[in-house]
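Pasting target-v5.pdb here (PDB, C-alpha atoms):
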MODEL        1
ATOM      1  CA  MET O   1       0.000   0.000   0.000
ATOM      2  CA  GLY O   2       1.389   3.417  -0.948
ATOM      3  CA  GLU O   3       2.023   6.229   1.441
ATOM      4  CA  ALA O   4      -0.464   9.090   1.681
ATOM      5  CA  PRO O   5       0.808  12.363   0.167
ATOM      6  CA  GLY O   6       1.069  14.000   3.593
ATOM      7  CA  GLY O   7       2.262  10.829   5.329
ATOM      8  CA  LEU O   8       4.699  10.638   8.211
ATOM      9  CA  GLY O   9       7.446   9.020   6.129
ATOM     10  CA  ARG O  10       7.293  11.789   3.561
ATOM     11  CA  ARG O  11       7.356  14.400   6.327
ATOM     12  CA  LEU O  12      10.392  12.818   7.998
ATOM     13  CA  ARG O  13      12.260  12.636   4.684
ATOM     14  CA  TYR O  14      11.415  16.293   4.050
ATOM     15  CA  LEU O  15      12.725  17.304   7.493
ATOM     16  CA  ALA O  16      15.894  15.231   7.062
ATOM     17  CA  ASN O  17      16.523  16.886   3.701
ATOM     18  CA  ARG O  18      15.976  20.345   5.207
ATOM     19  CA  ALA O  19      18.340  19.551   8.095
ATOM     20  CA  ALA O  20      21.030  18.347   5.674
ATOM     21  CA  ARG O  21      20.830  21.635   3.758
ATOM     22  CA  LEU O  22      20.732  23.846   6.857
ATOM     23  CA  ASN O  23      23.023  26.860   6.583
ATOM     24  CA  PRO O  24      23.789  27.943  10.171
ATOM     25  CA  ALA O  25      25.247  31.282   9.057
ATOM     26  CA  ASN O  26      22.050  32.098   7.168
ATOM     27  CA  VAL O  27      19.874  31.087  10.136
ATOM     28  CA  TRP O  28      21.976  33.329  12.406
ATOM     29  CA  ARG O  29      21.719  36.214   9.910
ATOM     30  CA  ILE O  30      17.938  35.909   9.637
ATOM     31  CA  ALA O  31      17.588  35.691  13.425
ATOM     32  CA  GLY O  32      19.628  38.887  13.680
ATOM     33  CA  ALA O  33      17.408  40.600  11.129
ATOM     34  CA  ALA O  34      14.294  39.546  13.090
ATOM     35  CA  ARG O  35      15.818  40.723  16.383
ATOM     36  CA  PRO O  36      14.677  44.389  16.120
ATOM     37  CA  LEU O  37      11.045  43.190  16.070
ATOM     38  CA  THR O  38      11.240  41.625  19.525
ATOM     39  CA  ARG O  39      13.112  41.740  22.810
ATOM     40  CA  LYS O  40      14.035  38.074  22.506
ATOM     41  CA  PRO O  41      17.731  37.125  22.402
ATOM     42  CA  ARG O  42      18.998  35.976  19.024
ATOM     43  CA  LEU O  43      19.539  32.406  20.253
ATOM     44  CA  VAL O  44      15.888  32.224  21.360
ATOM     45  CA  ILE O  45      14.865  33.457  17.907
ATOM     46  CA  VAL O  46      17.009  30.738  16.289
ATOM     47  CA  ALA O  47      15.278  28.114  18.450
ATOM     48  CA  ASP O  48      11.887  29.591  17.497
ATOM     49  CA  MET O  49      12.825  29.544  13.807
ATOM     50  CA  LEU O  50      13.765  25.869  14.044
ATOM     51  CA  TRP O  51      10.553  25.077  15.952
ATOM     52  CA  CYS O  52       8.461  26.951  13.369
ATOM     53  CA  SER O  53      10.163  25.139  10.494
ATOM     54  CA  VAL O  54       9.129  21.798  12.013
ATOM     55  CA  ARG O  55       5.768  22.638  13.605
ATOM     56  CA  TYR O  56       4.336  25.127  11.090
ATOM     57  CA  GLU O  57       6.540  24.399   8.039
ATOM     58  CA  PHE O  58       7.842  27.961   7.751
ATOM     59  CA  GLY O  59      10.934  28.518   5.664
ATOM     60  CA  PHE O  60      13.524  30.680   7.384
ATOM     61  CA  GLN O  61      13.182  33.544   4.919
ATOM     62  CA  ASP O  62       9.390  33.369   5.265
ATOM     63  CA  TYR O  63       9.875  33.578   9.035
ATOM     64  CA  LEU O  64      11.597  36.922   8.515
ATOM     65  CA  ASP O  65       9.456  38.243   5.655
ATOM     66  CA  TRP O  66       6.176  37.519   7.441
ATOM     67  CA  ASP O  67       7.332  38.743  10.907
ATOM     68  CA  VAL O  68       6.571  35.311  12.379
ATOM     69  CA  VAL O  69       8.627  36.180  15.459
ATOM     70  CA  MET O  70       5.770  38.491  16.484
ATOM     71  CA  LEU O  71       2.945  35.963  15.984
ATOM     72  CA  THR O  72       1.279  33.698  18.511
ATOM     73  CA  GLY O  73       0.988  29.967  17.914
ATOM     74  CA  ALA O  74      -2.680  30.423  17.025
ATOM     75  CA  GLU O  75      -1.746  33.030  14.419
ATOM     76  CA  ARG O  76       1.104  30.927  13.048
ATOM     77  CA  ARG O  77      -1.283  28.005  12.460
ATOM     78  CA  THR O  78      -3.340  30.145  10.061
ATOM     79  CA  TYR O  79      -0.553  30.636   7.490
ATOM     80  CA  ILE O  80      -0.516  28.490   4.366
ATOM     81  CA  THR O  81       3.185  27.961   3.747
ATOM     82  CA  HIS O  82       4.593  26.485   0.542
ATOM     83  CA  PRO O  83       4.882  22.966   2.028
ATOM     84  CA  LYS O  84       1.301  23.123   3.330
ATOM     85  CA  SER O  85       0.105  24.295  -0.077
ATOM     86  CA  ASN O  86       1.953  21.395  -1.674
ATOM     87  CA  HIS O  87       0.390  18.912   0.784
ATOM     88  CA  LEU O  88      -3.050  20.223  -0.160
ATOM     89  CA  ALA O  89      -2.294  20.061  -3.880
ATOM     90  CA  MET O  90      -1.000  16.489  -3.609
ATOM     91  CA  THR O  91      -4.007  15.426  -1.550
ATOM     92  CA  LEU O  92      -6.814  17.242  -3.342
ATOM     93  CA  ASN O  93      -5.742  17.355  -6.993
ATOM     94  CA  HIS O  94      -6.337  14.317  -9.172
ATOM     95  CA  PRO O  95      -2.981  12.593  -9.828
ATOM     96  CA  GLU O  96      -3.344  12.922 -13.611
ATOM     97  CA  LEU O  97      -3.977  16.672 -13.336
ATOM     98  CA  ARG O  98      -1.301  17.634 -10.779
ATOM     99  CA  ARG O  99       1.224  18.307 -13.534
ATOM    100  CA  ILE O 100      -1.180  20.709 -15.261
ATOM    101  CA  PHE O 101      -2.033  22.537 -12.032
ATOM    102  CA  ALA O 102       1.670  22.926 -11.229
ATOM    103  CA  ASP O 103       2.553  24.392 -14.644
ATOM    104  CA  LYS O 104       1.026  27.828 -15.242
ATOM    105  CA  LEU O 105       1.350  27.648 -19.040
ATOM    106  CA  GLN O 106      -0.272  24.206 -19.242
ATOM    107  CA  PHE O 107      -2.976  25.327 -16.822
ATOM    108  CA  ASN O 108      -3.745  28.469 -18.840
ATOM    109  CA  ALA O 109      -3.848  26.513 -22.098
ATOM    110  CA  ARG O 110      -6.150  23.850 -20.636
ATOM    111  CA  PHE O 111      -8.490  26.305 -18.876
ATOM    112  CA  ALA O 112      -8.158  29.352 -21.177
ATOM    113  CA  GLU O 113     -11.914  29.917 -21.337
ATOM    114  CA  PHE O 114     -11.998  30.323 -17.544
ATOM    115  CA  VAL O 115      -8.819  32.375 -17.062
ATOM    116  CA  GLY O 116     -10.575  35.549 -18.179
ATOM    117  CA  ARG O 117      -7.473  37.388 -19.390
ATOM    118  CA  ASP O 118      -4.703  37.229 -21.943
ATOM    119  CA  TRP O 119      -1.702  35.256 -20.872
TER     120      TRP O 119
ENDMDL
END
Write-out of the structure in structure tokens:
Amino acid sequence: MGEAPGGLGRRLRYLANRAARLNPANVWRIAGAARPLTRKPRLVIVADMLWCSVRYEFGFQDYLDWDVVMLTGAERRTYITHPKSNHLAMTLNHPELRRIFADKLQFNARFAEFVGRDW
């Protein structure tokens, strides 16, 4: 039996891949850039960034761009991050159509009558 698109094995592989590509200098830089938004020490921000990457699937740059350091857990849960969007697409889109939905040109060609604009 195959694994569900959002299955635990897939999630663990994703996290392992992210950990292998972790750039500590970049994480430290982003934590420093987020520091003026809060009174938290930079090391606490780094820990929060790592927690948010696992718990809420925030990318580190998204953490900075979206001022996640200032959000509560309840607010953080409301964000649709790229990985969450991908989980939804893999779960809800028919397997034969996923490729079309992922490619803007193919999508526009297939659904031109509904796009409502030139592309």
Inset, instruction - Please evaluate the PyMOL selection byres ((chain O and resi 53) around 12) against the displayed coordinates and give the resulting residues as a PyMOL selection string. - result: chain O and resi 11+14-16+18-19+22+27+46-52+54-63+68+76-77+81-84
What's the 12 Å shell around Arg42 in chain O, counting all atoms listed in the file, without same-chain residues fewer than 3 positions away, as a compact mmCIF listing (two decimals) with C-alpha atoms, in the frame of the given file?
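Contents of selection.txt, as written:
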# COMPACT_ATOMS: atom_id res chain seq x y z
CA VAL O 27 19.87 31.09 10.14
CA TRP O 28 21.98 33.33 12.41
CA ARG O 29 21.72 36.21 9.91
CA ILE O 30 17.94 35.91 9.64
CA ALA O 31 17.59 35.69 13.42
CA GLY O 32 19.63 38.89 13.68
CA ALA O 33 17.41 40.60 11.13
CA ALA O 34 14.29 39.55 13.09
CA ARG O 35 15.82 40.72 16.38
CA PRO O 36 14.68 44.39 16.12
CA LEU O 37 11.04 43.19 16.07
CA THR O 38 11.24 41.62 19.52
CA ARG O 39 13.11 41.74 22.81
CA ILE O 45 14.86 33.46 17.91
CA VAL O 46 17.01 30.74 16.29
CA ALA O 47 15.28 28.11 18.45
CA ASP O 48 11.89 29.59 17.50
CA MET O 49 12.82 29.54 13.81
CA VAL O 69 8.63 36.18 15.46
Inset, instruction - Extract, using only C-alpha atoms, all DNA, RNA and protein residues at most 12 Å from range 100-106 of chain O, discarding same-chain residues fewer than 6 positions from it, and format them as a list in words. - result: Ser85, Asn86, Ala89, Met90, Leu92, Asn93, His94, Ala112, Val115, Asp118 and Trp119 of chain O
As lines of an AutoDock Vina configuration file: centre and edge lengths in Å, one decimal, of the axis-aligned box holding range 101-107 of chain O with 4 Å per side:
center_x = -0.2
center_y = 25.2
center_z = -15.2
size_x = 13.5
size_y = 13.3
size_z = 16.0
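Atom pair CA of Arg13 in chain O / CA of His87 in chain O: separated by 14.0 Å.
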Legend entry - Using all atoms listed in the file: which of O:Asn17, O:Met70, O:Ile80, O:Asn108 has the shortest distance to Lys40 in chain O: O:Met70
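Atom to atom, CA of Leu8 in chain O and CA of Thr72 in chain O stand 25.5 Å apart.
The spacing separating CA of Leu64 in chain O from CA of Arg21 in chain O amounts to 18.5 Å.
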For the structure just given, write the atoms of range 64-80 of chain O, namely N, CA and C atoms, as a PDB file, in the first residue's frame.
ATOM      1  N   LEU O  64      11.208  35.508   8.465  1.00  0.00           N
ATOM      2  CA  LEU O  64      11.597  36.922   8.515  1.00  0.00           C
ATOM      3  C   LEU O  64      10.618  37.797   7.741  1.00  0.00           C
ATOM      4  N   ASP O  65      10.308  37.417   6.522  1.00  0.00           N
ATOM      5  CA  ASP O  65       9.456  38.243   5.655  1.00  0.00           C
ATOM      6  C   ASP O  65       8.069  38.452   6.232  1.00  0.00           C
ATOM      7  N   TRP O  66       7.550  37.456   6.919  1.00  0.00           N
ATOM      8  CA  TRP O  66       6.176  37.519   7.441  1.00  0.00           C
ATOM      9  C   TRP O  66       6.126  37.890   8.924  1.00  0.00           C
ATOM     10  N   ASP O  67       7.276  38.313   9.494  1.00  0.00           N
ATOM     11  CA  ASP O  67       7.332  38.743  10.907  1.00  0.00           C
ATOM     12  C   ASP O  67       6.773  37.678  11.847  1.00  0.00           C
ATOM     13  N   VAL O  68       7.089  36.426  11.589  1.00  0.00           N
ATOM     14  CA  VAL O  68       6.571  35.311  12.379  1.00  0.00           C
ATOM     15  C   VAL O  68       6.993  35.423  13.839  1.00  0.00           C
ATOM     16  N   VAL O  69       8.136  36.027  14.090  1.00  0.00           N
ATOM     17  CA  VAL O  69       8.627  36.180  15.459  1.00  0.00           C
ATOM     18  C   VAL O  69       7.616  36.907  16.344  1.00  0.00           C
ATOM     19  N   MET O  70       6.750  37.703  15.739  1.00  0.00           N
ATOM     20  CA  MET O  70       5.770  38.491  16.484  1.00  0.00           C
ATOM     21  C   MET O  70       4.419  37.784  16.635  1.00  0.00           C
ATOM     22  N   LEU O  71       4.244  36.636  16.001  1.00  0.00           N
ATOM     23  CA  LEU O  71       2.945  35.963  15.984  1.00  0.00           C
ATOM     24  C   LEU O  71       2.803  34.950  17.116  1.00  0.00           C
ATOM     25  N   THR O  72       1.582  34.758  17.545  1.00  0.00           N
ATOM     26  CA  THR O  72       1.279  33.698  18.511  1.00  0.00           C
ATOM     27  C   THR O  72       1.181  32.367  17.772  1.00  0.00           C
ATOM     28  N   GLY O  73       1.168  31.284  18.527  1.00  0.00           N
ATOM     29  CA  GLY O  73       0.988  29.967  17.914  1.00  0.00           C
ATOM     30  C   GLY O  73      -0.315  29.872  17.147  1.00  0.00           C
ATOM     31  N   ALA O  74      -1.377  30.449  17.707  1.00  0.00           N
ATOM     32  CA  ALA O  74      -2.680  30.423  17.025  1.00  0.00           C
ATOM     33  C   ALA O  74      -2.602  31.162  15.696  1.00  0.00           C
ATOM     34  N   GLU O  75      -1.891  32.273  15.670  1.00  0.00           N
ATOM     35  CA  GLU O  75      -1.746  33.030  14.419  1.00  0.00           C
ATOM     36  C   GLU O  75      -0.859  32.275  13.436  1.00  0.00           C
ATOM     37  N   ARG O  76       0.187  31.675  13.916  1.00  0.00           N
ATOM     38  CA  ARG O  76       1.104  30.927  13.048  1.00  0.00           C
ATOM     39  C   ARG O  76       0.389  29.771  12.350  1.00  0.00           C
ATOM     40  N   ARG O  77      -0.545  29.136  13.045  1.00  0.00           N
ATOM     41  CA  ARG O  77      -1.283  28.005  12.460  1.00  0.00           C
ATOM     42  C   ARG O  77      -2.145  28.419  11.272  1.00  0.00           C
ATOM     43  N   THR O  78      -2.451  29.700  11.139  1.00  0.00           N
ATOM     44  CA  THR O  78      -3.340  30.145  10.061  1.00  0.00           C
ATOM     45  C   THR O  78      -2.618  30.363   8.735  1.00  0.00           C
ATOM     46  N   TYR O  79      -1.304  30.367   8.715  1.00  0.00           N
ATOM     47  CA  TYR O  79      -0.553  30.636   7.490  1.00  0.00           C
ATOM     48  C   TYR O  79      -0.476  29.386   6.617  1.00  0.00           C
ATOM     49  N   ILE O  80      -0.683  29.574   5.331  1.00  0.00           N
ATOM     50  CA  ILE O  80      -0.516  28.490   4.366  1.00  0.00           C
ATOM     51  C   ILE O  80       0.871  28.664   3.749  1.00  0.00           C
TER      52      ILE O  80
END
